[in-house]
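Worksheet: one structure, shown below.
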Amino acid sequence: MTPTRRRRLGGLAAFTGLVLALTACGGGSDGGSGGGSDGAGQNSIKLVVAQYTEGTRPYWDELIASFEAGHPGKNVELQVIDWGNLQSQVNTMVQTKQFPDILNGNVFADYAEAGLLYRAEEVVSKEVLSDFLPSFAENASYDRVQYGLPFVATVNGMYYNKKILKEAGLDKPPATWDELRAAAKAIKALPGGYVPYALALGAEAGGYEFGAWLRADGADWRTDGKWTVNGERAVETLQFLKSLAADGYTQPNPGQTNRPDGTWPLFAQGKAAMVYASFGTRAFLEQVDKAGIEYGTAPFPTNHGAEPATHGIQDYLMAFKKDGNQQLVREFLDYFYQADNYTKYLKVEGLLPTTASASALMRQDPKVSPIVDMVAKARFDPTSEPVWAELRGTLAAELGGALAPGSDPRAVLTKFQQITDHS
């Protein structure tokens, strides 16, 4: 492993994932890497998954019991880890070579670059491999080879409170940055003490939200194959968000605010007029629906005439190379991706499909069908780039600081750019 690879894998400890959110480890097999097709076949594998909702463990317990009943003598050991602790625990497994057999996470390219993962074609059938939607398969590839198995997706954009906007004299959500400023000014002047836009640039998913605003400004993390983290549009975007906070158009301290315990509750309590969230995701909508909030959804307001887009987030399954584990890993993954089994998981978590067969089943639900159709138009983060994991870890730790009084957004973004330049 090269020094750069060691640095990136070591840096994963600082990286935290998404809830949808946008949101696992059990006892098990011996560590060590090697060709999974050699040696005696294993009778037990270790499955490490993230906890998305309270339904995560019950689903996997039931699926594993069903799988083991159909495969006598085979065993799948499960550990479920909350997103906040997932990456640090996985990082320890990698450093100590106690690799899981199957891992659920939101980065994979570092592991693929280090030669730790099976190719997707080695651990699922041709039928499963061809079932993945092309955009997700491409986003699960490193160096033109698919290593990640597209697991779940969310489509993210802006929710708005119809009642608050109506009180402010607005009959539709703002479509441009200028309209957003005007709307925020009108909402702030209302007697209800509303937060015009609840902004979350904290460690949990600040990079996701900033990326959505970046695309709304007609830019992206990468442009024409090059990293543009500190490009002029990126600086403009961060300065714009800082100005929203400085003018009191956000809640206090948005640079340290996370979604699940910060902006989402504000929206559910009827205190925030607009917020970034995942369309249709249980983790967000359950509390909003319970509170009876009348809401609408829209893409982010744009600048410079940028084309509106939603933000797609994809999580992965990946299989680590270990002597003798390949056959059982393949059998279990093929079982999970059977349309009925996979769709049941998506419904439990309130997440979106990455396969054509599950998409067809979920389109039968009129509430879910429009959201499923948004997936094809979503813009994704560059997760297939190995340096993305390190960059996201630094974003999580430092992006929010750019909103503090006296901070320099350009200097903050230039520091991030240096990470990509040295990759």
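Naming works like this for the structure tokens: A, B, ... for the chains as they're shown, residue 1 at the start of each chain, ligands 1 onward in shown order.
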- [ ] Write down as a ChimeraX atom specification the residues of stretch 95-312 of chain A whose backbone DSSP state falls under alpha helix (DSSP H).
- [x] /A:95,109-113,120-123,126-131,134-139,162-167,177-188,206-216,232-246,264-268,282-290
- Message: Which residues are close to A:Arg363, i.e. within 12 Å by only C-alpha atoms, leaving aside same-chain residues fewer than 4 positions away? Reply as a list in words.
- Response: Thr343, Leu352, Pro353, Ala356, Ser357, Ala358, Ser359, Lys367, Val368, Ser369, Pro370, Ile371, Val372, Asp373 and Met374 of chain A
Can you write just those residues out, N, CA and C atoms, as an mmCIF file, in the first residue's frame?
data_model
loop_
_atom_site.group_PDB
_atom_site.id
_atom_site.type_symbol
_atom_site.label_atom_id
_atom_site.label_comp_id
_atom_site.auth_asym_id
_atom_site.auth_seq_id
_atom_site.Cartn_x
_atom_site.Cartn_y
_atom_site.Cartn_z
ATOM 1 N N THR A 343 -36.773 -4.715 -1.765
ATOM 2 C CA THR A 343 -37.839 -3.713 -1.663
ATOM 3 C C THR A 343 -38.363 -3.609 -0.240
ATOM 4 N N LEU A 352 -34.646 4.896 -1.258
ATOM 5 C CA LEU A 352 -34.947 4.688 -2.666
ATOM 6 C C LEU A 352 -34.084 3.581 -3.271
ATOM 7 N N PRO A 353 -34.588 2.926 -4.329
ATOM 8 C CA PRO A 353 -33.902 1.771 -4.915
ATOM 9 C C PRO A 353 -32.768 2.146 -5.846
ATOM 10 N N ALA A 356 -33.311 -1.775 -11.120
ATOM 11 C CA ALA A 356 -34.479 -1.605 -11.984
ATOM 12 C C ALA A 356 -35.671 -2.393 -11.464
ATOM 13 N N SER A 357 -35.425 -3.607 -10.964
ATOM 14 C CA SER A 357 -36.537 -4.445 -10.503
ATOM 15 C C SER A 357 -37.225 -3.846 -9.283
ATOM 16 N N ALA A 358 -36.438 -3.338 -8.332
ATOM 17 C CA ALA A 358 -37.034 -2.718 -7.152
ATOM 18 C C ALA A 358 -37.713 -1.397 -7.514
ATOM 19 N N SER A 359 -37.152 -0.669 -8.468
ATOM 20 C CA SER A 359 -37.777 0.581 -8.913
ATOM 21 C C SER A 359 -39.164 0.307 -9.480
ATOM 22 N N LYS A 367 -47.376 7.433 -3.961
ATOM 23 C CA LYS A 367 -46.672 8.421 -3.154
ATOM 24 C C LYS A 367 -45.165 8.378 -3.405
ATOM 25 N N VAL A 368 -44.669 7.197 -3.714
ATOM 26 C CA VAL A 368 -43.229 7.013 -3.870
ATOM 27 C C VAL A 368 -42.793 7.191 -5.316
ATOM 28 N N SER A 369 -43.679 6.870 -6.242
ATOM 29 C CA SER A 369 -43.320 6.867 -7.660
ATOM 30 C C SER A 369 -42.672 8.169 -8.144
ATOM 31 N N PRO A 370 -43.223 9.357 -7.819
ATOM 32 C CA PRO A 370 -42.580 10.592 -8.298
ATOM 33 C C PRO A 370 -41.170 10.771 -7.764
ATOM 34 N N ILE A 371 -40.909 10.309 -6.534
ATOM 35 C CA ILE A 371 -39.581 10.451 -5.951
ATOM 36 C C ILE A 371 -38.609 9.490 -6.629
ATOM 37 N N VAL A 372 -39.068 8.265 -6.913
ATOM 38 C CA VAL A 372 -38.232 7.299 -7.619
ATOM 39 C C VAL A 372 -37.811 7.866 -8.972
ATOM 40 N N ASP A 373 -38.739 8.550 -9.634
ATOM 41 C CA ASP A 373 -38.436 9.119 -10.953
ATOM 42 C C ASP A 373 -37.405 10.244 -10.876
ATOM 43 N N MET A 374 -37.268 10.883 -9.704
ATOM 44 C CA MET A 374 -36.283 11.961 -9.555
ATOM 45 C C MET A 374 -34.844 11.442 -9.542
#
Using only C-alpha atoms, the residue out of A:Asp323, A:Glu294, A:Glu121, A:Asp315 with shortest distance to A:Gly41 is A:Asp323
**Near-A:Val375 list (10 Å; only C-alpha atoms; drop same-chain fewer than 3 positions) as a ChimeraX atom specification** = /A:133,135-136,153-156,310-313,352-354,370-372,378-379
Using only C-alpha atoms, find each residue of stretch 41-152 of chain A with at least one atom at most 12 Å away from an atom of stretch 390-394 of chain A; report its shortest atom-to-atom pair and that distance in Å (one decimal), sort the rows by chain and rising residue number, and return the result as JSON lines.
{"residue": "A:Gln87", "atom": "CA", "partner": "A:Gly393", "partner_atom": "CA", "distance": 10.1}
{"residue": "A:Ser88", "atom": "CA", "partner": "A:Gly393", "partner_atom": "CA", "distance": 11.0}
{"residue": "A:Asn106", "atom": "CA", "partner": "A:Arg392", "partner_atom": "CA", "distance": 10.8}
{"residue": "A:Val107", "atom": "CA", "partner": "A:Arg392", "partner_atom": "CA", "distance": 9.8}
{"residue": "A:Phe108", "atom": "CA", "partner": "A:Glu390", "partner_atom": "CA", "distance": 11.8}
{"residue": "A:Ala109", "atom": "CA", "partner": "A:Glu390", "partner_atom": "CA", "distance": 10.9}
{"residue": "A:Asp110", "atom": "CA", "partner": "A:Glu390", "partner_atom": "CA", "distance": 9.1}
Fill in: Spatial neighbours of A:Ala168, max dist 8 Å, only C-alpha atoms, sep filter under 5 positions, as number ranges by chain
A: 183, 186-187, 190
Distance query A:Asp334 at most 9 Å, only C-alpha atoms, self and fewer than 4 positions along chain excluded, as a PyMOL selection string = chain A and resi 123-125+127-128+329-330+338
Would you pick out the contacts of A:Lys271 at 9 Å or less, using only C-alpha atoms, so that residues sharing its chain but fewer than 4 positions from it are not included, and give the list as a PDB file with N, CA, C and O atoms, in the first residue's frame?
ATOM      1  N   ILE A 164     -46.064  29.300   6.277  1.00  0.00           N
ATOM      2  CA  ILE A 164     -45.164  30.433   6.531  1.00  0.00           C
ATOM      3  C   ILE A 164     -44.976  31.258   5.269  1.00  0.00           C
ATOM      4  O   ILE A 164     -45.013  32.501   5.303  1.00  0.00           O
ATOM      5  N   GLY A 192     -43.959  35.735  13.943  1.00  0.00           N
ATOM      6  CA  GLY A 192     -43.832  34.405  14.528  1.00  0.00           C
ATOM      7  C   GLY A 192     -42.445  33.997  14.957  1.00  0.00           C
ATOM      8  O   GLY A 192     -42.260  32.912  15.524  1.00  0.00           O
ATOM      9  N   GLY A 193     -41.439  34.821  14.693  1.00  0.00           N
ATOM     10  CA  GLY A 193     -40.072  34.451  15.049  1.00  0.00           C
ATOM     11  C   GLY A 193     -39.550  33.282  14.229  1.00  0.00           C
ATOM     12  O   GLY A 193     -38.766  32.461  14.723  1.00  0.00           O
ATOM     13  N   TYR A 194     -39.953  33.206  12.978  1.00  0.00           N
ATOM     14  CA  TYR A 194     -39.572  32.096  12.125  1.00  0.00           C
ATOM     15  C   TYR A 194     -38.108  32.177  11.677  1.00  0.00           C
ATOM     16  O   TYR A 194     -37.535  33.263  11.563  1.00  0.00           O
ATOM     17  N   VAL A 195     -37.541  31.021  11.389  1.00  0.00           N
ATOM     18  CA  VAL A 195     -36.232  30.930  10.755  1.00  0.00           C
ATOM     19  C   VAL A 195     -36.474  30.835   9.255  1.00  0.00           C
ATOM     20  O   VAL A 195     -37.064  29.867   8.786  1.00  0.00           O
ATOM     21  N   PRO A 196     -36.051  31.820   8.473  1.00  0.00           N
ATOM     22  CA  PRO A 196     -36.324  31.755   7.032  1.00  0.00           C
ATOM     23  C   PRO A 196     -35.747  30.516   6.354  1.00  0.00           C
ATOM     24  O   PRO A 196     -36.441  29.824   5.612  1.00  0.00           O
ATOM     25  N   PRO A 265     -35.772  19.128  13.232  1.00  0.00           N
ATOM     26  CA  PRO A 265     -36.752  19.438  14.269  1.00  0.00           C
ATOM     27  C   PRO A 265     -37.330  20.851  14.145  1.00  0.00           C
ATOM     28  O   PRO A 265     -38.513  21.058  14.411  1.00  0.00           O
ATOM     29  N   LEU A 266     -36.503  21.813  13.734  1.00  0.00           N
ATOM     30  CA  LEU A 266     -37.020  23.170  13.541  1.00  0.00           C
ATOM     31  C   LEU A 266     -38.145  23.187  12.516  1.00  0.00           C
ATOM     32  O   LEU A 266     -39.166  23.858  12.697  1.00  0.00           O
ATOM     33  N   PHE A 267     -37.965  22.440  11.437  1.00  0.00           N
ATOM     34  CA  PHE A 267     -38.999  22.385  10.406  1.00  0.00           C
ATOM     35  C   PHE A 267     -40.227  21.651  10.922  1.00  0.00           C
ATOM     36  O   PHE A 267     -41.375  22.085  10.696  1.00  0.00           O
TER      37      PHE A 267
END
Option closest in space to A:Val152, from A:Phe416, A:Phe284, A:Tyr249, A:Phe132 [counting only C-alpha atoms]
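Residue with the minimum atom-to-atom distance to A:Val152: A:Phe132.
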Extract the full set of strand (DSSP E) residues from stretch 250-325 of chain A according to DSSP on the backbone, and format it as a CSV table (one decimal) with N, CA and C atoms, in the first residue's frame.
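The file below, out.csv, is the result:
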chain,number,residue,atom,x,y,z
A,272,ALA,N,-39.2,26.7,11.0
A,272,ALA,CA,-38.4,27.0,9.9
A,272,ALA,C,-39.2,27.0,8.6
A,273,ALA,N,-39.0,28.0,7.8
A,273,ALA,CA,-39.7,28.1,6.5
A,273,ALA,C,-39.2,27.2,5.4
A,274,MET,N,-37.9,27.0,5.4
A,274,MET,CA,-37.2,26.2,4.4
A,274,MET,C,-36.1,25.4,5.0
A,275,VAL,N,-35.8,24.2,4.4
A,275,VAL,CA,-34.8,23.3,4.9
A,275,VAL,C,-34.3,22.3,3.8
A,276,TYR,N,-33.1,21.9,3.9
A,276,TYR,CA,-32.6,20.9,3.1
A,276,TYR,C,-32.8,19.5,3.7
A,277,ALA,N,-33.4,18.6,2.9
A,277,ALA,CA,-33.8,17.3,3.5
A,277,ALA,C,-34.0,16.3,2.3
A,278,SER,N,-34.1,15.0,2.7
A,278,SER,CA,-34.3,14.0,1.7
A,278,SER,C,-35.8,13.8,1.4
A,295,TYR,N,-46.4,21.1,3.7
A,295,TYR,CA,-45.2,21.4,3.1
A,295,TYR,C,-45.2,21.1,1.6
A,296,GLY,N,-44.2,21.6,0.9
A,296,GLY,CA,-44.0,21.4,-0.5
A,296,GLY,C,-42.5,21.1,-0.7
A,297,THR,N,-42.2,20.6,-1.9
A,297,THR,CA,-40.8,20.3,-2.2
A,297,THR,C,-40.4,21.0,-3.4
A,298,ALA,N,-39.1,21.3,-3.5
A,298,ALA,CA,-38.6,22.0,-4.7
A,298,ALA,C,-37.1,21.8,-4.8
A,311,HIS,N,-30.1,16.6,-5.4
A,311,HIS,CA,-28.8,16.1,-4.9
A,311,HIS,C,-29.0,14.6,-4.6
A,312,GLY,N,-28.3,13.7,-5.3
A,312,GLY,CA,-28.4,12.3,-5.1
A,312,GLY,C,-27.4,11.8,-4.1
A,313,ILE,N,-27.7,11.0,-3.2
A,313,ILE,CA,-26.8,10.4,-2.2
A,313,ILE,C,-26.9,8.9,-2.3
A,314,GLN,N,-25.8,8.2,-2.5
A,314,GLN,CA,-25.8,6.8,-2.7
A,314,GLN,C,-25.0,6.1,-1.6
A,315,ASP,N,-25.5,5.1,-1.0
A,315,ASP,CA,-24.7,4.3,-0.1
A,315,ASP,C,-24.4,3.0,-0.7
A,316,TYR,N,-23.4,2.2,-0.2
A,316,TYR,CA,-22.9,1.0,-0.8
A,316,TYR,C,-22.9,-0.2,0.1
A,317,LEU,N,-22.9,-1.3,-0.5
A,317,LEU,CA,-22.4,-2.6,0.1
A,317,LEU,C,-21.0,-2.9,-0.6
A,318,MET,N,-20.1,-3.5,0.1
A,318,MET,CA,-18.8,-3.8,-0.5
A,318,MET,C,-18.4,-5.1,0.2
A,319,ALA,N,-17.6,-5.9,-0.6
A,319,ALA,CA,-17.2,-7.2,0.0
A,319,ALA,C,-15.7,-7.2,0.0
